[in-house]
$ cat input_17.cif   # mmCIF, C-alpha atoms
data_protein
loop_
_atom_site.label_atom_id
_atom_site.label_comp_id
_atom_site.auth_asym_id
_atom_site.auth_seq_id
_atom_site.Cartn_x
_atom_site.Cartn_y
_atom_site.Cartn_z
CA MET A 1 20.80 -20.00 17.73
CA SER A 2 23.15 -17.77 15.82
CA VAL A 3 23.82 -14.15 16.75
CA GLN A 4 22.09 -13.08 13.55
CA GLU A 5 18.97 -15.11 14.41
CA ARG A 6 18.90 -13.70 17.94
CA LYS A 7 19.22 -10.12 16.65
CA ALA A 8 16.43 -10.72 14.13
CA ARG A 9 14.19 -12.11 16.88
CA GLU A 10 14.97 -9.16 19.17
CA ARG A 11 14.23 -6.73 16.34
CA ALA A 12 10.88 -8.40 15.64
CA ASP A 13 10.06 -8.33 19.36
CA ARG A 14 10.88 -4.59 19.53
CA GLU A 15 8.73 -3.91 16.49
CA ARG A 16 5.78 -5.78 18.05
CA LEU A 17 6.31 -3.81 21.26
CA ILE A 18 6.26 -0.50 19.38
CA VAL A 19 3.05 -1.39 17.56
CA ALA A 20 1.34 -2.73 20.69
CA THR A 21 2.35 0.33 22.69
CA ALA A 22 1.17 2.72 19.96
CA ARG A 23 -2.11 0.88 19.75
CA GLU A 24 -2.59 0.92 23.52
CA LEU A 25 -1.77 4.61 23.78
CA ALA A 26 -4.08 5.45 20.86
CA GLU A 27 -6.95 3.45 22.37
CA GLN A 28 -6.48 5.16 25.74
CA GLN A 29 -5.79 8.74 24.65
CA GLY A 30 -6.34 8.99 20.89
CA TRP A 31 -3.89 9.11 18.02
CA ASP A 32 -2.83 12.67 18.82
CA ALA A 33 -1.21 11.31 21.97
CA VAL A 34 0.96 8.91 19.95
CA THR A 35 4.28 10.59 19.31
CA THR A 36 7.66 9.03 18.70
CA ARG A 37 8.94 10.67 21.88
CA ARG A 38 6.16 9.21 24.03
CA LEU A 39 6.53 5.81 22.41
CA ALA A 40 10.28 5.81 22.98
CA GLU A 41 9.72 6.68 26.65
CA ARG A 42 7.07 3.99 27.10
CA ILE A 43 9.04 1.19 25.47
CA GLU A 44 12.24 2.37 27.15
CA TYR A 45 14.26 2.67 23.98
CA SER A 46 15.71 5.77 22.37
CA GLN A 47 13.97 7.54 19.52
CA PRO A 48 16.72 6.46 17.08
CA VAL A 49 15.88 2.83 17.91
CA LEU A 50 12.22 3.54 17.18
CA TYR A 51 13.19 5.22 13.90
CA SER A 52 15.24 2.16 12.96
CA HIS A 53 11.92 0.29 12.78
CA PHE A 54 9.53 2.97 11.52
CA ARG A 55 10.22 6.23 9.72
CA GLY A 56 7.57 7.95 11.78
CA LYS A 57 4.04 7.93 13.08
CA ARG A 58 2.53 7.35 9.65
CA GLU A 59 4.28 3.98 9.33
CA ILE A 60 3.26 3.06 12.87
CA ILE A 61 -0.36 3.83 12.00
CA GLY A 62 0.06 1.61 8.93
CA ALA A 63 1.42 -1.24 11.05
CA VAL A 64 -1.53 -0.93 13.45
CA ALA A 65 -3.90 -0.90 10.46
CA LEU A 66 -2.39 -4.11 9.04
CA GLN A 67 -2.70 -5.79 12.43
CA GLY A 68 -6.27 -4.57 12.69
CA ALA A 69 -7.13 -5.83 9.20
CA THR A 70 -6.01 -9.31 10.22
CA GLU A 71 -8.13 -9.16 13.36
CA LEU A 72 -11.16 -7.79 11.50
CA ALA A 73 -10.93 -10.56 8.89
CA ALA A 74 -10.79 -13.20 11.63
CA ALA A 75 -13.74 -11.65 13.48
CA VAL A 76 -16.06 -11.49 10.46
CA ARG A 77 -15.09 -14.98 9.29
CA ALA A 78 -15.73 -16.45 12.73
CA ALA A 79 -19.08 -14.70 13.04
CA ALA A 80 -20.22 -15.78 9.57
CA ALA A 81 -19.06 -19.36 10.13
CA ALA A 82 -21.14 -19.60 13.29
CA ALA A 83 -24.37 -18.63 11.50
CA ASP A 84 -26.69 -20.78 9.39
CA GLY A 85 -28.02 -19.51 6.09
CA PRO A 86 -26.88 -16.68 3.82
CA ARG A 87 -28.86 -13.85 5.45
CA GLU A 88 -27.94 -15.00 8.93
CA ARG A 89 -24.26 -15.03 7.89
CA VAL A 90 -24.57 -11.49 6.51
CA ALA A 91 -26.25 -10.28 9.70
CA ALA A 92 -23.56 -11.95 11.81
CA LEU A 93 -20.85 -10.38 9.63
CA ALA A 94 -22.46 -6.94 10.01
CA ARG A 95 -22.69 -7.26 13.80
CA ALA A 96 -19.09 -8.48 14.02
CA TYR A 97 -17.87 -5.59 11.88
CA LEU A 98 -19.75 -2.99 13.93
CA ASP A 99 -18.64 -4.63 17.19
CA PHE A 100 -15.02 -4.54 16.02
CA ALA A 101 -15.31 -0.84 15.17
CA GLU A 102 -16.86 -0.08 18.56
CA ARG A 103 -14.37 -2.13 20.62
CA ASN A 104 -11.28 -0.93 18.72
CA PRO A 105 -11.84 2.72 17.78
CA ALA A 106 -8.15 3.60 17.38
CA VAL A 107 -7.49 0.53 15.25
CA TYR A 108 -10.58 1.29 13.18
CA ASP A 109 -9.31 4.83 12.66
CA ALA A 110 -5.90 3.48 11.63
CA LEU A 111 -7.62 1.22 9.11
CA PHE A 112 -10.11 3.63 7.59
CA GLN A 113 -9.65 7.21 8.75
CA LEU A 114 -5.94 7.97 9.12
CA ASP A 115 -3.09 8.03 6.64
CA GLY A 116 -0.94 5.01 7.35
CA GLY A 117 0.74 5.14 3.96
CA LEU A 118 -1.08 2.03 2.77
CA ALA A 119 -2.52 1.45 -0.69
CA TYR A 120 -6.19 0.47 -0.82
CA ALA A 121 -8.01 -1.12 -3.78
CA ARG A 122 -4.87 -1.37 -5.89
CA GLU A 123 -2.47 -4.06 -7.07
CA ASP A 124 0.04 -3.11 -4.38
CA THR A 125 -2.50 -3.26 -1.54
CA PRO A 126 -0.90 -5.17 1.36
CA ALA A 127 -2.09 -8.75 1.83
CA PRO A 128 -3.84 -8.16 5.21
CA LEU A 129 -6.02 -5.44 3.66
CA LYS A 130 -6.86 -7.65 0.68
CA ASP A 131 -7.69 -10.50 3.05
CA ALA A 132 -10.00 -8.32 5.15
CA PHE A 133 -11.91 -7.39 2.00
CA ALA A 134 -11.94 -11.03 0.92
CA ALA A 135 -13.38 -11.99 4.32
CA LEU A 136 -16.28 -9.62 3.68
CA MET A 137 -16.76 -10.78 0.10
CA GLU A 138 -16.81 -14.48 1.05
CA THR A 139 -20.12 -13.94 2.82
CA LEU A 140 -21.49 -10.96 0.95
CA GLY A 141 -20.86 -12.54 -2.43
CA GLU A 142 -23.47 -15.16 -1.54
CA VAL A 143 -26.20 -12.51 -1.42
CA ALA A 144 -25.10 -10.11 -4.15
CA GLY A 145 -27.54 -11.48 -6.68
CA ASP A 146 -26.81 -12.37 -10.29
CA ALA A 147 -27.01 -8.83 -11.64
CA LEU A 148 -24.22 -7.42 -9.45
CA HIS A 149 -20.52 -8.05 -9.35
CA PRO A 150 -19.76 -9.52 -5.89
CA GLY A 151 -16.91 -7.03 -5.37
CA VAL A 152 -19.12 -4.03 -6.13
CA PHE A 153 -21.82 -5.35 -3.82
CA THR A 154 -19.23 -5.92 -1.09
CA GLU A 155 -17.88 -2.38 -1.50
CA THR A 156 -21.39 -0.95 -1.22
CA PHE A 157 -22.34 -3.04 1.80
CA TRP A 158 -19.01 -2.25 3.45
CA ALA A 159 -19.56 1.47 2.81
CA ALA A 160 -22.94 1.21 4.55
CA LEU A 161 -21.34 -0.58 7.53
CA HIS A 162 -18.58 2.02 7.67
CA GLY A 163 -21.16 4.79 7.65
CA LEU A 164 -23.09 3.14 10.49
CA ALA A 165 -19.91 2.60 12.51
CA THR A 166 -18.68 6.15 11.98
CA LEU A 167 -21.99 7.90 12.59
CA THR A 168 -22.80 5.80 15.66
CA ARG A 169 -19.38 6.46 17.17
CA ALA A 170 -19.76 10.20 16.54
CA GLY A 171 -23.09 10.16 18.38
CA ARG A 172 -25.02 11.00 15.22
CA LEU A 173 -27.10 7.80 15.38
CA PRO A 174 -28.77 6.59 18.58
CA ALA A 175 -27.28 3.29 19.75
CA GLU A 176 -30.64 1.77 20.68
CA PHE A 177 -31.52 1.27 16.99
CA ALA A 178 -28.29 -0.54 16.04
CA ALA A 179 -29.95 -3.95 15.67
CA GLU A 180 -32.76 -2.44 13.60
CA ARG A 181 -30.24 -0.84 11.24
CA VAL A 182 -28.45 -4.15 10.72
CA ARG A 183 -31.76 -5.91 10.07
CA LEU A 184 -32.78 -3.24 7.55
CA LEU A 185 -29.43 -3.36 5.79
CA VAL A 186 -29.57 -7.14 5.47
CA GLU A 187 -33.21 -7.27 4.38
CA ARG A 188 -32.93 -4.52 1.76
CA LEU A 189 -29.54 -5.36 0.26
CA ALA A 190 -29.09 -9.13 0.63
CA VAL A 191 -30.72 -11.04 -2.24
CA VAL A 192 -31.40 -14.67 -1.44
#
$ encode --input "input_17.cif" --output "structure tokens"
Amino acid sequence: MSVQERKARERADRERLIVATARELAEQQGWDAVTTRRLAERIEYSQPVLYSHFRGKREIIGAVALQGATELAAAVRAAAAAADGPRERVAALARAYLDFAERNPAVYDALFQLDGGLAYAREDTPAPLKDAFAALMETLGEVAGDALHPGVFTETFWAALHGLATLTRAGRLPAEFAAERVRLLVERLAVV
């Protein structure tokens, strides 16, 4: 291995460590606790080293969001693949989405609440974000019906899921009716 290859590998390892540490700290204490000073202390590198990877917290949030988008896409695809029938796939997708939001609140915030400097719904949207949307549309497109564009249906269904995730997490919706909400969403929106 050349010196250049070793340095590139070490740089990639440091970047993964920064993102993993930011994510861990955010999940434990919230995004307000994530500062470049605290990250530098936790990863045992100087702040200038951290800044050589990310210009600041905003870019770190963006990196966590991209990682989260990849994980969310995998989770909804796996859930949908394990279900039989279009409505069952949509219900499985909805549960997987809501479970992801509940299990990973800081990552969910990085994806959908915080400014990570990422473009959404544009040509220059990063591939992991496009893929997460595609993972939703693969299943939701099956039940959009002929009168609706699959992308518009996916956006609407996703907005409903996001609302459920956000309101449930904020304590505005009682958790005991979560399954009923998913059932209602699937029954009223999914055309089969």
$ closest_atom_pairs --input "input_17.cif" --of "segment 87-122 of chain A" --to "segment 70-73 of chain A" --cutoff "9 Å" --atoms "all atoms listed in the file" --output "JSON lines"
{"residue": "A:Ala96", "atom": "CA", "partner": "A:Leu72", "partner_atom": "CA", "distance": 8.3}
{"residue": "A:Tyr97", "atom": "CA", "partner": "A:Leu72", "partner_atom": "CA", "distance": 7.1}
{"residue": "A:Phe100", "atom": "CA", "partner": "A:Leu72", "partner_atom": "CA", "distance": 6.8}
{"residue": "A:Ala101", "atom": "CA", "partner": "A:Leu72", "partner_atom": "CA", "distance": 8.9}
$ residues_around --input "input_17.cif" --residues "Glu59 of chain A" --least-positions-apart "5" --cutoff "7 Å" --atoms "only C-alpha atoms" --output "PyMOL selection string"
chain A and resi 54+116-117
$ write_last_selection --input "input_17.cif" --atoms "C-alpha atoms" --output "mmCIF file, in the frame of the given file"
data_model
loop_
_atom_site.group_PDB
_atom_site.id
_atom_site.type_symbol
_atom_site.label_atom_id
_atom_site.label_comp_id
_atom_site.auth_asym_id
_atom_site.auth_seq_id
_atom_site.Cartn_x
_atom_site.Cartn_y
_atom_site.Cartn_z
ATOM 1 C CA PHE A 54 9.530 2.970 11.520
ATOM 2 C CA GLY A 116 -0.940 5.010 7.350
ATOM 3 C CA GLY A 117 0.740 5.140 3.960
#
$ resolve_selection --input "input_17.cif" --expression "the PyMOL selection byres ((chain A and resi 15-32) around 10)" --output "PyMOL selection string"
chain A and resi 9-14+33-36+38-40+42-43+45+49-50+52-54+57+59-65+67-68+103-107+109-110+114
$ atom_distance --input "input_17.cif" --atom1 "atom CA of Ala74 of chain A" --atom2 "atom CA of Leu129 of chain A"
12.1 Å
$ closest_residue --input "input_17.cif" --among "A:Ala178, A:Asp115, A:Leu66, A:Asp99" --to "Ala132 of chain A" --atoms "all atoms listed in the file"
A:Leu66
$ closest_residue --input "input_17.cif" --among "A:Ala8, A:Val3, A:Ala83, A:Val191" --to "Gly145 of chain A" --atoms "only C-alpha atoms"
A:Val191
$ resolve_selection --input "input_17.cif" --expression "the PyMOL selection byres ((chain A and resi 136) around 9)" --output "list in words"
Ala73, Val76, Arg77, Val90, Leu93, Asp131, Ala132, Phe133, Ala134, Ala135, Met137, Glu138, Thr139, Leu140, Gly141, Thr154 and Trp158 of chain A
$ write_last_selection --input "input_17.cif" --atoms "C-alpha atoms" --output "JSON list (two decimals), keeping the file's coordinate frame"
[["chain", "number", "residue", "atom", "x", "y", "z"],
["A", 73, "ALA", "CA", -10.93, -10.56, 8.89],
["A", 76, "VAL", "CA", -16.06, -11.49, 10.46],
["A", 77, "ARG", "CA", -15.09, -14.98, 9.29],
["A", 90, "VAL", "CA", -24.57, -11.49, 6.51],
["A", 93, "LEU", "CA", -20.85, -10.38, 9.63],
["A", 131, "ASP", "CA", -7.69, -10.50, 3.05],
["A", 132, "ALA", "CA", -10.00, -8.32, 5.15],
["A", 133, "PHE", "CA", -11.91, -7.39, 2.00],
["A", 134, "ALA", "CA", -11.94, -11.03, 0.92],
["A", 135, "ALA", "CA", -13.38, -11.99, 4.32],
["A", 137, "MET", "CA", -16.76, -10.78, 0.10],
["A", 138, "GLU", "CA", -16.81, -14.48, 1.05],
["A", 139, "THR", "CA", -20.12, -13.94, 2.82],
["A", 140, "LEU", "CA", -21.49, -10.96, 0.95],
["A", 141, "GLY", "CA", -20.86, -12.54, -2.43],
["A", 154, "THR", "CA", -19.23, -5.92, -1.09],
["A", 158, "TRP", "CA", -19.01, -2.25, 3.45]]
$ residues_around --input "input_17.cif" --residues "Thr168 of chain A" --least-positions-apart "2" --cutoff "12 Å" --atoms "all atoms listed in the file" --output "PDB file with C-alpha atoms, keeping the file's coordinate frame"
ATOM      1  CA  LEU A  98     -19.750  -2.990  13.930  1.00  0.00           C
ATOM      2  CA  ASP A  99     -18.640  -4.630  17.190  1.00  0.00           C
ATOM      3  CA  ALA A 101     -15.310  -0.840  15.170  1.00  0.00           C
ATOM      4  CA  GLU A 102     -16.860  -0.080  18.560  1.00  0.00           C
ATOM      5  CA  PRO A 105     -11.840   2.720  17.780  1.00  0.00           C
ATOM      6  CA  LEU A 161     -21.340  -0.580   7.530  1.00  0.00           C
ATOM      7  CA  HIS A 162     -18.580   2.020   7.670  1.00  0.00           C
ATOM      8  CA  GLY A 163     -21.160   4.790   7.650  1.00  0.00           C
ATOM      9  CA  LEU A 164     -23.090   3.140  10.490  1.00  0.00           C
ATOM     10  CA  ALA A 165     -19.910   2.600  12.510  1.00  0.00           C
ATOM     11  CA  THR A 166     -18.680   6.150  11.980  1.00  0.00           C
ATOM     12  CA  ALA A 170     -19.760  10.200  16.540  1.00  0.00           C
ATOM     13  CA  GLY A 171     -23.090  10.160  18.380  1.00  0.00           C
ATOM     14  CA  ARG A 172     -25.020  11.000  15.220  1.00  0.00           C
ATOM     15  CA  LEU A 173     -27.100   7.800  15.380  1.00  0.00           C
ATOM     16  CA  PRO A 174     -28.770   6.590  18.580  1.00  0.00           C
ATOM     17  CA  ALA A 175     -27.280   3.290  19.750  1.00  0.00           C
ATOM     18  CA  GLU A 176     -30.640   1.770  20.680  1.00  0.00           C
ATOM     19  CA  PHE A 177     -31.520   1.270  16.990  1.00  0.00           C
ATOM     20  CA  ALA A 178     -28.290  -0.540  16.040  1.00  0.00           C
ATOM     21  CA  ARG A 181     -30.240  -0.840  11.240  1.00  0.00           C
TER      22      ARG A 181
END
$ atom_distance --input "input_17.cif" --atom1 "atom CA of Phe112 of chain A" --atom2 "atom CA of Ala159 of chain A"
10.8 Å
$ atom_distance --input "input_17.cif" --atom1 "atom CA of Asp84 of chain A" --atom2 "atom CA of Glu142 of chain A"
12.7 Å
$ closest_residue --input "input_17.cif" --among "A:Val152, A:Ala69, A:Ala92, A:Arg6" --to "Thr125 of chain A" --atoms "all atoms listed in the file"
A:Ala69
$ axis_aligned_box --input "input_17.cif" --around "segment 120-132 of chain A" --padding-each-side "8 Å" --output "JSON"
{"center_x": -5.0, "center_y": -5.0, "center_z": -0.9, "size_x": 26.0, "size_y": 27.0, "size_z": 28.3}
$ closest_residue --input "input_17.cif" --among "A:Arg169, A:Arg183, A:Lys7, A:Arg188" --to "Ala91 of chain A" --atoms "all atoms listed in the file"
A:Arg183
